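Trainee: First the structure, which I've put down as structure tokens, then a few questions once you've had a look.
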Number of protein chains: 2
Amino acid sequence: MDLVADVLAGKRLAIARLLTLIENEDPGGLAALDRLFPHTGRAILIGVTGAPGAGKSSLVNQLARYYRNPPDGRQPRSVAVVAVDPSSPFSGGALLGDRVRMRDLAGDPGVFIRSMASRGALGGLARTTAAMIQALDAAGFEVILIETVGAGQAEVDIARLAHTCLVVEAPGMGDDIQAIKAGILEIADVIVINKADRPGADNTERALRTMLEFGPHAPLDKGASSAASAGEARVDSISWTPPIILTVATRADGIHELGKAIEDHIDYLRQSGLWQERERNRLQSELDNLVQHTLVSRWRASLPIESYKTALAGLANRSISPHQALEMLVKRDQ
Amino acid sequence: MDLVADVLAGKRLAIARLLTLIENEDPGGLAALDRLFPHTGRAILIGVTGAPGAGKSSLVNQLARYYRNPPDGRQPRSVAVVAVDPSSPFSGGALLGDRVRMRDLAGDPGVFIRSMASRGALGGLARTTAAMIQALDAAGFEVILIETVGAGQAEVDIARLAHTCLVVEAPGMGDDIQAIKAGILEIADVIVINKADRPGADNTERALRTMLEFGPHAPLDKGASSAASAGEARVDSISWTPPIILTVATRADGIHELGKAIEDHIDYLRQSGLWQERERNRLQSELDNLVQHTLVSRWRASLPIESYKTALAGLANRSISPHQALEMLVKRDQ
């Protein structure tokens, strides 16, 4: 009946229960995580993000199948999927639809799928996702796929939780400079052009390649120190340019190539020493997020509701400015 | 030589200088804002957001022209544009490109344009944008257009700064359930299908209309109290269903209709009493943002860097959990 022991043993019911406790910010869930934390750090974390309509869910589905049935006689790996939709009130239904497509994986004990259609605060979402990943990592899943919808700061924050980040585009999106603008290319370790059987795939590829080569900020490894970044010019240094992989997820085209590209990137992280650096960055952003949440919660709990209301009323009639309201509400030593 | 007096007098150089001070979080800028705050609350704030590639910049351009040269012999209104790109490192150049298109407006003293291609933290961006809007409001601009790129939480936060929020789609995007998923329809007061001369505009319109009518969470006014929301069922209540306006911004088609829809929404806010409620929500989210920023900054300033490093090292080797690190770093009374 020990939740922690059951999660470590990989019992599905216990894992699902722990994830719900985490989602509800239940103190019992947090206590369990404290005990599970020493068992984390083993899973490979793969982020999958990109513009809406690019077919991320199908791609995640195929990647899960790939790790369950790897080519060349390799060992199957257990896979967990965390699907996060930070933006829309319609997501509940849509995500449900996505998951229906994964039904064929559902009977496989080596696959665990969890959707989060939360509309919670941004920081909260990244915080909860980080905690869920820890739980799944401790439960022994070898590959964790983190799928997010959209191209905003929320996705960037969630992508920071991953070792390897896939950015998925589709033909007709990459042609437009506007798509690149919001294209979060900066966080891409591997770029996927999905639906590559559609017209315009080569245009999209060309546009993306140009962006990568001539962009004012060609993507450097997000975890790289300035020394490592500058090292790109040196012949002997190990560097990484995001490869562009063409896929048609609905018929599994290009998935082996994608699996290979992910493997190459993980090898690159390990050989360059960036693996440890990414781990550290990951843990640091998780800690910062937790600290911020705690400071704000405690401030809220300590503040008489009347003072807050008075400050808001003063703002509304313009008798005090936002900064003056701040002075009223936050003590000097806070 | 008084910055505040010059801004109140609408002097462009002073306004530009103040905006730069705000962007740099200069204390002089904040002090000036304190003095300007009583003069705010007069401008109409219009947010423009939506998927990449939908043509938001052209639309903003046309709206600015519309307010400068209104139909039916109405008085021209002064217009400020704040263009915010929260996501991409490539934005600097792209935004510059957008602004070139606005060159024809640049000689007009009744138009002020400011781009922010900042890659700062999310909260920081909304905070800085809010402060800039206050400055432009105090400077006497009657209409302030706030343009954001993307469809994530950053845009939702920035949209909260506006009285009326336009969500811009384009044909070929709205057909896909995925586009709706990240489509931030929940914050739309007016929906615009731009590039409506492209094939598929009617499909997009139909899809959006279905979403609005049958979605599990049909958009309610974001500022509405639950009573006002429930009031939708009553015959005598004033309610708002986001209209769908078709435009071709590049040739100014549909801009008068859009201008009319915005006016209708502002009238609706005023008549229903929701105007005050939105103002209050706006000021509250600004205050909350400011408080959070202040609490975290002060915590950071008070923390010995060595304690932080020790905690991070403990996390990295899994000797302490994130929650245990938090206990080490945040004092009970903080």
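Chain labels A, B, ... are given in the sequence in which chains occur in the structure tokens; within each chain residues are numbered consecutively from 1, and ligands are likewise numbered from 1 in the order shown.
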Name the residues in contact with A:Asp2 at a cut-off of 12 Å, using only C-alpha atoms, excluding same-chain residues fewer than 3 positions from it; report them as a count of residues only.

Mentor: 13

Trainee: Select from stretch 244-321 of chain A every residue with an atom at most 12 Å from any atom of stretch 277-294 of chain B, then for each give the shortest pair of atoms and their distance in Å to one decimal, using only C-alpha atoms, rows by chain and rising number, as CSV.

Mentor:
```
residue,atom,partner,partner_atom,distance
A:Asn289,CA,B:Gln292,CA,11.6
A:Val291,CA,B:Gln292,CA,10.9
A:Gln292,CA,B:Gln292,CA,7.4
A:His293,CA,B:Gln292,CA,8.8
A:Thr294,CA,B:Gln292,CA,10.4
A:Leu295,CA,B:Gln292,CA,7.9
A:Val296,CA,B:Gln292,CA,6.0
A:Ser297,CA,B:Gln292,CA,9.7
A:Arg298,CA,B:Gln292,CA,11.1
A:Trp299,CA,B:Val291,CA,9.1
A:Arg300,CA,B:Asp288,CA,10.0
A:Leu303,CA,B:Val291,CA,11.9
A:Tyr308,CA,B:Gln284,CA,9.5
A:Lys309,CA,B:Gln284,CA,9.7
A:Thr310,CA,B:Gln284,CA,11.6
A:Ala311,CA,B:Leu287,CA,9.2
A:Leu312,CA,B:Gln284,CA,6.5
A:Ala313,CA,B:Arg280,CA,8.2
A:Gly314,CA,B:Leu283,CA,10.2
A:Leu315,CA,B:Leu283,CA,6.9
A:Ala316,CA,B:Arg280,CA,6.1
A:Asn317,CA,B:Arg280,CA,9.7
A:Arg318,CA,B:Leu283,CA,10.3
A:Ile320,CA,B:Leu283,CA,11.4
A:Ser321,CA,B:Leu287,CA,9.6
```

Trainee: As an exercise, work out the distance from atom CA of A:Ile262 to atom CA of A:Val82 in Å and give it to one decimal place.

Mentor: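 Atom-to-atom, atom CA of A:Ile262 and atom CA of A:Val82 are spaced 17.9 Å apart.
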
Trainee: Just the residues within 8 Å of stretch 39-51 of chain B, please, counting only C-alpha atoms, with nothing from its chain fewer than 4 positions along; format it as a ChimeraX atom specification.

Mentor: /A:318 /B:56,60,134-135,137-138,140-151,155,158-159,161-169,183-184

Trainee: Between A:Leu63, A:Ala31, A:Ala80, A:Ile244, which is the closest to chain B once you count only C-alpha atoms?

Mentor: A:Ala31

Trainee: Between atom CA of B:Glu257 and atom CA of B:Gly55, what is the spacing in Å?

Mentor: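 Atom CA of B:Gly55 sits 17.2 Å away from atom CA of B:Glu257.
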
Trainee: From the set B:Tyr67, B:Trp240, B:Trp275, B:Tyr268, which residue has the shortest atom-to-atom contact distance to chain A, counting only C-alpha atoms?

Mentor: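 Of all the options, B:Trp275 lies closest to chain A.
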
Trainee: I need the residue nearest chain B from this list: A:Val84, A:Ala249, A:Ala16, A:Ile266. Use only C-alpha atoms for the distance.

Mentor: A:Val84

Trainee: Name the closest residue to A:Ala64 among the candidates A:Gly259, A:Pro243, A:Gly254, A:Pro322; distances are taken between atoms, counting only C-alpha atoms.

Mentor: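 Residue with the minimum atom-to-atom distance to A:Ala64: A:Gly259.
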
Trainee: Quick check, in Å to one decimal: how far apart do atom CA of B:Met328 and atom CA of A:Ala130 lie?

Mentor: 19.8 Å

Trainee: For each of A:Gln276, A:Asn24, A:Gln62, A:Thr241, take the minimum atom-to-atom distance to chain B, counting only C-alpha atoms, then give the residue where this is smallest.

Mentor: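 Once distances to chain B are computed over only C-alpha atoms, the minimum belongs to A:Gln276.
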
Trainee: Have a look at A:Gly107, A:Gly10, A:Pro171, A:Pro76 and name the one nearest to chain B; count only C-alpha atoms.

Mentor: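 Of A:Gly107, A:Gly10, A:Pro171, A:Pro76, the one nearest chain B is A:Pro171, counting only C-alpha atoms.
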
Trainee: Report as a PyMOL selection string all protein, DNA and RNA residues lying within 12 Å of A:Thr250, evaluated on only C-alpha atoms, omitting residues in the same chain fewer than 3 positions from it.

Mentor: chain A and resi 54-63+101-102+194-197+247+253-255

Trainee: Write a file of the selected residues as a short mmCIF file (atom, residue, chain, number, x, y, z; two decimals), in the first residue's frame, keeping C-alpha atoms.

Mentor:
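Result file is result-v7.cif:
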```
data_model
loop_
_atom_site.label_atom_id
_atom_site.label_comp_id
_atom_site.auth_asym_id
_atom_site.auth_seq_id
_atom_site.Cartn_x
_atom_site.Cartn_y
_atom_site.Cartn_z
CA ALA A 54 1.56 20.23 -37.89
CA GLY A 55 0.52 16.77 -36.76
CA LYS A 56 2.46 16.53 -33.52
CA SER A 57 0.14 13.97 -31.95
CA SER A 58 0.48 11.51 -34.82
CA LEU A 59 4.21 11.96 -34.72
CA VAL A 60 4.33 11.26 -30.99
CA ASN A 61 2.19 8.18 -31.60
CA GLN A 62 4.68 6.90 -34.21
CA LEU A 63 7.68 7.66 -32.03
CA ARG A 101 -5.58 7.67 -32.21
CA MET A 102 -3.24 6.12 -29.68
CA ASN A 194 5.65 16.47 -41.10
CA LYS A 195 2.96 15.93 -43.77
CA ALA A 196 5.91 15.99 -46.17
CA ASP A 197 3.79 14.40 -48.91
CA THR A 247 8.07 12.63 -42.18
CA ASP A 253 7.37 7.55 -43.26
CA GLY A 254 10.63 8.96 -41.97
CA ILE A 255 10.18 7.74 -38.40
#
```
